[in-house]
Amino acid sequence: MNENKPSHPKGVYLNDPDVLEIRGGGGCLMVAGLFFAAFGGLFAFTMLNVPQGHSAGQIFGAAFGGFFALLGAAMLLGRWGIKLYRREGRLFSWWGLSLLLPGLTMPLKTKSVNLNDFSFVFLSKEVRKSSGSKSNSQTVYPVSLGGDNDQTKLKEFSDYASARGLAELVAKFLGLDLHDSSSGQTVVRQAVFLDESLRQRTLRTGEAVTAKQRPINMRSTVTPGAGTVDIVVPASGITSFHGAGLAIIISISAISYYFEGWFPSAFIILFPGLAILGHASQGIKIRADRQGLWLKKTWLGIGITRHIPTNELEELVAARILPEGMELSELPEKHRAVVLAAVNFFVRPKLVARSDQKTLEVSGAVSGAEMEYLLSLLKRELVR
């Protein structure tokens with residue numbers, strides 16, 4: 001089993017062996033709430049205290065300021081929490097207001113459900129577009145309890161490691177399987193085996209790990225050694241994503257040149273353009289042996305190496321990341337084959353390696369069959 005397990009994620013407490021508590025609210029929201037409350041209150045006060053009297057516009061302005069003040073107060077004082085009572089088999093959730101004293105809150109809404117309604121813990125990935133903007137987005141990792149007829153979100157995080165930590169903690173606490181779909185395919189792990197490494201799981205199950213048949217049109221370079229394998233994956237090249245980004249940058253640069261001249265135009269195109277071209281030409285080297293998995297990515301001549309030791313590596317899969325919100329299982333059977341063919345054509349495969357602390361991802365200009373072949377070579381060396 002893995003050692004040096006991470007501590008509980010922020011806002012998660014296990015002070016009682018049979019009670020797991022998750023809390024939210026406060027933190028950075030308090031700063032934003034204080035700003036909104038102060039701005040809204042000052043604006044409303046100003047509108048109501050002008051010497052000319054209260055016109056309709058001033059009353060509307062005061063109401064507008066009051067709305068922001070209430071919103072700020074909710075952000076400043078709002079708190080929520082979930083408690084999982086393992087012995088009683090109940091989930092108790094609440095929302096309320098903080099009294100600005102440690103541990104003192106006033107619940108305004110509560111709910112209690114039976115834990116027997118849930119049969120697994122679900123960890124997913126969502127990309128959310130900012131309101132009114134198509135370019136700005138945020139990636140979050142929600143952790144939920146799922147069942148046949150119900151799903152209850154426990155908490156979401158902006159980083160995968162914290163979400164995985166909570167998902168594993170809840171799964172072990174309740175003895176439920178963990179369904180992780182954040183890599184593009186759903187990986188199911190049993191609660192009692194959540195901490196075992198890929199090598200330990202392979203030895204336990206007796207799975208035979210052999211290299212798959214080498215693809216005919218092989219693009220990667222494979223160099224086997226004594227107990228090691230080194231792989232160089234070709235860069236992705238200019239994809240449609242890179243092309244769209246370059247087109248936008250060139251358009252903005254051309255407009256800037258027309259109105260402002262060559263200097264701001266060159267500045268606009270230089271750094272974003274280099275970033276896109278660097279990503280498209282990114283060099284990828286992988287090494288696997290009994291000690292672990294190494295991944296080196298070179299960007300514009302600068303190489304960064306990351307490593308997951310064998311005793312910490314828990315997942316190694318090849319997957320295609322579906323467009324956000326798409327679930328093949330939810331599509332009608334007659335349309336599923338067509339959509340799957342389109343996904344296989346347009347979406348490039350990814351190699352995803354995960355431990356509790358790190359996630360390594362490899363994508364390049366290779367086919368799905370080649371990525372599966374590379375995966376089999378890496379697994380063979382890692383579990384020897």
# chains A, B, ... in the order shown; residues from 1 in each chain; ligands from 1

$ residues_around --residues "stretch 181-189 of chain A" --least-positions-apart "5" --cutoff "9 Å" --atoms "only C-alpha atoms" --output "PDB file with N, CA, C and O atoms, in the first residue's frame"
ATOM      1  N   PHE A 122     -18.764   9.377  -6.710  1.00  0.00           N
ATOM      2  CA  PHE A 122     -18.543   9.776  -8.095  1.00  0.00           C
ATOM      3  C   PHE A 122     -17.641  11.002  -8.143  1.00  0.00           C
ATOM      4  O   PHE A 122     -17.923  12.027  -7.520  1.00  0.00           O
ATOM      5  N   LEU A 123     -16.532  10.889  -8.883  1.00  0.00           N
ATOM      6  CA  LEU A 123     -15.610  11.997  -9.109  1.00  0.00           C
ATOM      7  C   LEU A 123     -15.609  12.318 -10.594  1.00  0.00           C
ATOM      8  O   LEU A 123     -15.326  11.452 -11.428  1.00  0.00           O
ATOM      9  N   SER A 124     -15.935  13.552 -10.948  1.00  0.00           N
ATOM     10  CA  SER A 124     -16.055  13.938 -12.348  1.00  0.00           C
ATOM     11  C   SER A 124     -15.261  15.200 -12.620  1.00  0.00           C
ATOM     12  O   SER A 124     -14.625  15.772 -11.726  1.00  0.00           O
ATOM     13  N   LYS A 125     -15.315  15.641 -13.864  1.00  0.00           N
ATOM     14  CA  LYS A 125     -14.627  16.860 -14.288  1.00  0.00           C
ATOM     15  C   LYS A 125     -15.590  17.707 -15.096  1.00  0.00           C
ATOM     16  O   LYS A 125     -16.285  17.188 -15.976  1.00  0.00           O
ATOM     17  N   GLU A 126     -15.651  19.001 -14.793  1.00  0.00           N
ATOM     18  CA  GLU A 126     -16.539  19.909 -15.514  1.00  0.00           C
ATOM     19  C   GLU A 126     -15.767  21.158 -15.914  1.00  0.00           C
ATOM     20  O   GLU A 126     -14.969  21.677 -15.128  1.00  0.00           O
ATOM     21  N   TYR A 141     -13.666  19.938 -10.241  1.00  0.00           N
ATOM     22  CA  TYR A 141     -13.786  18.500 -10.031  1.00  0.00           C
ATOM     23  C   TYR A 141     -14.778  18.249  -8.898  1.00  0.00           C
ATOM     24  O   TYR A 141     -14.408  18.275  -7.727  1.00  0.00           O
ATOM     25  N   TYR A 160      -7.416  18.621  -9.035  1.00  0.00           N
ATOM     26  CA  TYR A 160      -7.799  17.211  -9.023  1.00  0.00           C
ATOM     27  C   TYR A 160      -7.333  16.508  -7.754  1.00  0.00           C
ATOM     28  O   TYR A 160      -8.048  15.648  -7.223  1.00  0.00           O
ATOM     29  N   LEU A 194      -8.269   1.042  -2.579  1.00  0.00           N
ATOM     30  CA  LEU A 194      -8.028   2.386  -3.087  1.00  0.00           C
ATOM     31  C   LEU A 194      -6.570   2.813  -2.953  1.00  0.00           C
ATOM     32  O   LEU A 194      -6.091   3.634  -3.738  1.00  0.00           O
ATOM     33  N   GLU A 315      -3.024   4.537 -11.302  1.00  0.00           N
ATOM     34  CA  GLU A 315      -3.786   4.416 -12.543  1.00  0.00           C
ATOM     35  C   GLU A 315      -2.896   4.735 -13.730  1.00  0.00           C
ATOM     36  O   GLU A 315      -2.071   5.643 -13.683  1.00  0.00           O
ATOM     37  N   VAL A 317      -3.982   4.763 -17.837  1.00  0.00           N
ATOM     38  CA  VAL A 317      -5.011   4.450 -18.828  1.00  0.00           C
ATOM     39  C   VAL A 317      -4.789   5.286 -20.081  1.00  0.00           C
ATOM     40  O   VAL A 317      -4.155   6.347 -20.041  1.00  0.00           O
ATOM     41  N   ALA A 318      -5.314   4.789 -21.187  1.00  0.00           N
ATOM     42  CA  ALA A 318      -5.368   5.548 -22.435  1.00  0.00           C
ATOM     43  C   ALA A 318      -6.819   5.905 -22.679  1.00  0.00           C
ATOM     44  O   ALA A 318      -7.690   5.037 -22.671  1.00  0.00           O
ATOM     45  N   ALA A 319      -7.099   7.176 -22.864  1.00  0.00           N
ATOM     46  CA  ALA A 319      -8.494   7.611 -22.977  1.00  0.00           C
ATOM     47  C   ALA A 319      -8.606   8.748 -23.976  1.00  0.00           C
ATOM     48  O   ALA A 319      -7.633   9.431 -24.293  1.00  0.00           O
ATOM     49  N   ARG A 320      -9.810   8.927 -24.469  1.00  0.00           N
ATOM     50  CA  ARG A 320     -10.150  10.096 -25.278  1.00  0.00           C
ATOM     51  C   ARG A 320     -11.038  10.992 -24.440  1.00  0.00           C
ATOM     52  O   ARG A 320     -12.068  10.539 -23.929  1.00  0.00           O
ATOM     53  N   ILE A 321     -10.635  12.244 -24.256  1.00  0.00           N
ATOM     54  CA  ILE A 321     -11.402  13.185 -23.454  1.00  0.00           C
ATOM     55  C   ILE A 321     -12.582  13.673 -24.275  1.00  0.00           C
ATOM     56  O   ILE A 321     -12.416  14.398 -25.271  1.00  0.00           O
ATOM     57  N   LEU A 322     -13.780  13.277 -23.891  1.00  0.00           N
ATOM     58  CA  LEU A 322     -14.977  13.686 -24.623  1.00  0.00           C
ATOM     59  C   LEU A 322     -15.281  15.153 -24.386  1.00  0.00           C
ATOM     60  O   LEU A 322     -14.898  15.722 -23.363  1.00  0.00           O
ATOM     61  N   LYS A 350      -5.277  10.191 -25.187  1.00  0.00           N
ATOM     62  CA  LYS A 350      -4.393  10.708 -24.161  1.00  0.00           C
ATOM     63  C   LYS A 350      -3.963   9.565 -23.262  1.00  0.00           C
ATOM     64  O   LYS A 350      -4.753   8.676 -22.961  1.00  0.00           O
ATOM     65  N   VAL A 352      -2.949   8.833 -19.509  1.00  0.00           N
ATOM     66  CA  VAL A 352      -3.122   9.487 -18.215  1.00  0.00           C
ATOM     67  C   VAL A 352      -2.565   8.580 -17.124  1.00  0.00           C
ATOM     68  O   VAL A 352      -2.981   7.427 -16.990  1.00  0.00           O
TER      69      VAL A 352
END

$ residues_around --residues "A:Thr359" --least-positions-apart "4" --cutoff "9 Å" --atoms "only C-alpha atoms" --output "VMD selection string"
chain A and resid 160 to 161 308 352 to 355

$ select_by_dssp --residues "stretch 187-229 of chain A" --states "helix (DSSP H, G or I)" --output "PyMOL selection string"
chain A and resi 191-193+198-205

$ write_last_selection --atoms "all heavy atoms" --output "compact mmCIF listing (two decimals), in the first residue's frame"
# COMPACT_ATOMS: atom_id res chain seq x y z
N ALA A 191 -13.36 0.14 -2.64
CA ALA A 191 -12.94 0.89 -1.46
C ALA A 191 -11.76 0.25 -0.75
O ALA A 191 -10.84 0.94 -0.31
CB ALA A 191 -14.12 1.04 -0.49
N VAL A 192 -11.75 -1.07 -0.64
CA VAL A 192 -10.69 -1.74 0.12
C VAL A 192 -9.36 -1.72 -0.61
O VAL A 192 -8.31 -2.01 -0.01
CB VAL A 192 -11.09 -3.20 0.43
CG1 VAL A 192 -12.27 -3.23 1.38
CG2 VAL A 192 -11.41 -3.96 -0.86
N PHE A 193 -9.36 -1.38 -1.90
CA PHE A 193 -8.13 -1.39 -2.67
C PHE A 193 -7.74 -0.01 -3.19
O PHE A 193 -6.95 0.10 -4.13
CB PHE A 193 -8.25 -2.36 -3.86
CG PHE A 193 -8.57 -3.77 -3.47
CD1 PHE A 193 -9.71 -4.39 -3.96
CD2 PHE A 193 -7.75 -4.47 -2.60
CE1 PHE A 193 -10.01 -5.69 -3.60
CE2 PHE A 193 -8.05 -5.78 -2.22
CZ PHE A 193 -9.18 -6.39 -2.73
N LEU A 198 -0.62 0.32 -8.90
CA LEU A 198 -0.91 -0.43 -10.10
C LEU A 198 -0.20 -1.79 -10.07
O LEU A 198 -0.78 -2.82 -10.43
CB LEU A 198 -0.46 0.36 -11.33
CG LEU A 198 -0.57 -0.33 -12.69
CD1 LEU A 198 -2.04 -0.56 -13.05
CD2 LEU A 198 0.11 0.50 -13.78
N ARG A 199 1.04 -1.81 -9.61
CA ARG A 199 1.78 -3.07 -9.54
C ARG A 199 1.15 -4.01 -8.53
O ARG A 199 1.01 -5.22 -8.80
CB ARG A 199 3.24 -2.78 -9.18
CG ARG A 199 4.12 -4.02 -9.20
CD ARG A 199 5.59 -3.67 -9.04
NE ARG A 199 6.40 -4.85 -9.22
CZ ARG A 199 6.71 -5.70 -8.24
NH1 ARG A 199 6.27 -5.47 -7.01
NH2 ARG A 199 7.46 -6.76 -8.47
N GLN A 200 0.78 -3.51 -7.36
CA GLN A 200 0.15 -4.36 -6.35
C GLN A 200 -1.16 -4.93 -6.86
O GLN A 200 -1.48 -6.10 -6.62
CB GLN A 200 -0.09 -3.55 -5.07
CG GLN A 200 1.19 -3.19 -4.33
CD GLN A 200 0.94 -2.19 -3.22
OE1 GLN A 200 0.02 -1.38 -3.30
NE2 GLN A 200 1.76 -2.23 -2.17
N ARG A 201 -1.95 -4.11 -7.57
CA ARG A 201 -3.23 -4.57 -8.09
C ARG A 201 -3.03 -5.65 -9.16
O ARG A 201 -3.77 -6.64 -9.21
CB ARG A 201 -4.01 -3.39 -8.66
CG ARG A 201 -5.40 -3.77 -9.16
CD ARG A 201 -6.28 -2.57 -9.35
NE ARG A 201 -5.78 -1.62 -10.32
CZ ARG A 201 -5.26 -0.44 -10.01
NH1 ARG A 201 -5.15 -0.07 -8.73
NH2 ARG A 201 -4.83 0.39 -10.94
N THR A 202 -2.02 -5.46 -10.00
CA THR A 202 -1.75 -6.45 -11.04
C THR A 202 -1.33 -7.79 -10.43
O THR A 202 -1.76 -8.86 -10.87
CB THR A 202 -0.65 -5.93 -11.98
OG1 THR A 202 -1.06 -4.67 -12.53
CG2 THR A 202 -0.41 -6.91 -13.11
N LEU A 203 -0.48 -7.75 -9.40
CA LEU A 203 -0.05 -8.97 -8.73
C LEU A 203 -1.22 -9.64 -8.01
O LEU A 203 -1.34 -10.87 -8.01
CB LEU A 203 1.08 -8.67 -7.75
CG LEU A 203 2.40 -8.19 -8.36
CD1 LEU A 203 3.39 -7.81 -7.26
CD2 LEU A 203 3.00 -9.28 -9.26
N ARG A 204 -2.09 -8.84 -7.41
CA ARG A 204 -3.22 -9.41 -6.66
C ARG A 204 -4.21 -10.10 -7.60
O ARG A 204 -4.71 -11.18 -7.30
CB ARG A 204 -3.94 -8.30 -5.88
CG ARG A 204 -5.21 -8.74 -5.18
CD ARG A 204 -5.83 -7.60 -4.38
NE ARG A 204 -6.15 -6.46 -5.20
CZ ARG A 204 -7.26 -6.33 -5.92
NH1 ARG A 204 -8.16 -7.31 -5.93
NH2 ARG A 204 -7.50 -5.24 -6.62
N THR A 205 -4.51 -9.46 -8.72
CA THR A 205 -5.50 -10.02 -9.63
C THR A 205 -4.92 -11.07 -10.57
O THR A 205 -5.67 -11.80 -11.24
CB THR A 205 -6.12 -8.89 -10.48
OG1 THR A 205 -5.09 -8.23 -11.23
CG2 THR A 205 -6.83 -7.89 -9.60

$ atom_distance --atom1 "atom CA of A:Pro9" --atom2 "atom CA of A:Phe173"
14.6 Å

$ atom_distance --atom1 "atom CA of A:Thr139" --atom2 "atom CA of A:Lys153"
16.2 Å

$ residues_around --residues "stretch 119-121 of chain A" --least-positions-apart "4" --cutoff "12 Å" --atoms "only C-alpha atoms" --output "PyMOL selection string"
chain A and resi 114-115+142-155+163-164+166-181+186-191

$ residues_around --residues "A:Val233" --least-positions-apart "6" --cutoff "8 Å" --atoms "only C-alpha atoms" --output "mmCIF file with all heavy atoms, in the first residue's frame"
data_model
loop_
_atom_site.group_PDB
_atom_site.id
_atom_site.type_symbol
_atom_site.label_atom_id
_atom_site.label_comp_id
_atom_site.auth_asym_id
_atom_site.auth_seq_id
_atom_site.Cartn_x
_atom_site.Cartn_y
_atom_site.Cartn_z
ATOM 1 N N ARG A 219 4.489 5.906 -35.213
ATOM 2 C CA ARG A 219 5.096 7.236 -35.280
ATOM 3 C C ARG A 219 6.022 7.502 -34.106
ATOM 4 O O ARG A 219 6.942 8.305 -34.216
ATOM 5 C CB ARG A 219 4.010 8.308 -35.329
ATOM 6 C CG ARG A 219 3.039 8.164 -36.494
ATOM 7 C CD ARG A 219 2.270 9.438 -36.715
ATOM 8 N NE ARG A 219 3.139 10.543 -37.080
ATOM 9 C CZ ARG A 219 2.729 11.803 -37.220
ATOM 10 N NH1 ARG A 219 1.458 12.097 -37.030
ATOM 11 N NH2 ARG A 219 3.584 12.755 -37.541
ATOM 12 N N SER A 220 5.779 6.871 -32.971
ATOM 13 C CA SER A 220 6.636 7.053 -31.803
ATOM 14 C C SER A 220 7.909 6.234 -31.949
ATOM 15 O O SER A 220 7.957 5.240 -32.686
ATOM 16 C CB SER A 220 5.902 6.639 -30.528
ATOM 17 O OG SER A 220 4.710 7.370 -30.368
ATOM 18 N N THR A 221 8.946 6.638 -31.224
ATOM 19 C CA THR A 221 10.214 5.916 -31.203
ATOM 20 C C THR A 221 10.338 5.189 -29.875
ATOM 21 O O THR A 221 10.283 5.817 -28.815
ATOM 22 C CB THR A 221 11.402 6.873 -31.378
ATOM 23 O OG1 THR A 221 11.255 7.581 -32.610
ATOM 24 C CG2 THR A 221 12.716 6.118 -31.383
ATOM 25 N N GLY A 283 8.072 18.638 -27.213
ATOM 26 C CA GLY A 283 8.697 17.328 -27.219
ATOM 27 C C GLY A 283 8.298 16.517 -25.995
ATOM 28 O O GLY A 283 8.202 17.056 -24.892
ATOM 29 N N ILE A 284 8.036 15.223 -26.183
ATOM 30 C CA ILE A 284 7.562 14.367 -25.096
ATOM 31 C C ILE A 284 8.428 13.112 -25.038
ATOM 32 O O ILE A 284 8.554 12.381 -26.029
ATOM 33 C CB ILE A 284 6.088 13.963 -25.300
ATOM 34 C CG1 ILE A 284 5.207 15.213 -25.375
ATOM 35 C CG2 ILE A 284 5.625 13.038 -24.176
ATOM 36 C CD1 ILE A 284 3.768 14.908 -25.750
ATOM 37 N N LYS A 285 9.030 12.876 -23.867
ATOM 38 C CA LYS A 285 9.818 11.667 -23.633
ATOM 39 C C LYS A 285 9.290 10.967 -22.386
ATOM 40 O O LYS A 285 9.044 11.615 -21.363
ATOM 41 C CB LYS A 285 11.299 12.000 -23.465
ATOM 42 C CG LYS A 285 11.961 12.571 -24.719
ATOM 43 C CD LYS A 285 13.440 12.840 -24.488
ATOM 44 C CE LYS A 285 14.096 13.386 -25.756
ATOM 45 N NZ LYS A 285 15.541 13.654 -25.560
ATOM 46 N N ILE A 286 9.138 9.636 -22.487
ATOM 47 C CA ILE A 286 8.621 8.846 -21.364
ATOM 48 C C ILE A 286 9.618 7.732 -21.074
ATOM 49 O O ILE A 286 10.168 7.118 -21.991
ATOM 50 C CB ILE A 286 7.254 8.210 -21.690
ATOM 51 C CG1 ILE A 286 6.324 9.224 -22.351
ATOM 52 C CG2 ILE A 286 6.615 7.641 -20.440
ATOM 53 C CD1 ILE A 286 5.047 8.613 -22.900
ATOM 54 N N GLY A 364 -0.258 13.338 -28.203
ATOM 55 C CA GLY A 364 0.598 13.623 -29.346
ATOM 56 C C GLY A 364 -0.082 13.207 -30.624
ATOM 57 O O GLY A 364 -1.246 12.801 -30.632
ATOM 58 N N ALA A 365 0.661 13.275 -31.714
ATOM 59 C CA ALA A 365 0.098 12.953 -33.024
ATOM 60 C C ALA A 365 0.168 11.446 -33.253
ATOM 61 O O ALA A 365 0.867 10.966 -34.155
ATOM 62 C CB ALA A 365 0.837 13.715 -34.113
ATOM 63 N N VAL A 366 -0.531 10.680 -32.436
ATOM 64 C CA VAL A 366 -0.536 9.223 -32.573
ATOM 65 C C VAL A 366 -1.980 8.738 -32.594
ATOM 66 O O VAL A 366 -2.892 9.400 -32.100
ATOM 67 C CB VAL A 366 0.235 8.538 -31.415
ATOM 68 C CG1 VAL A 366 1.672 8.970 -31.415
ATOM 69 C CG2 VAL A 366 -0.420 8.842 -30.078
#

$ closest_residue --among "A:Ser376, A:Ser367, A:Thr305, A:Gln357" --to "A:Pro234" --atoms "only C-alpha atoms"
A:Ser367

$ atom_distance --atom1 "atom CA of A:Ala69" --atom2 "atom CA of A:Leu108"
19.3 Å

$ closest_residue --among "A:Glu370, A:Asp195, A:Ala44, A:Glu21" --to "A:Lys212" --atoms "only C-alpha atoms"
A:Glu370
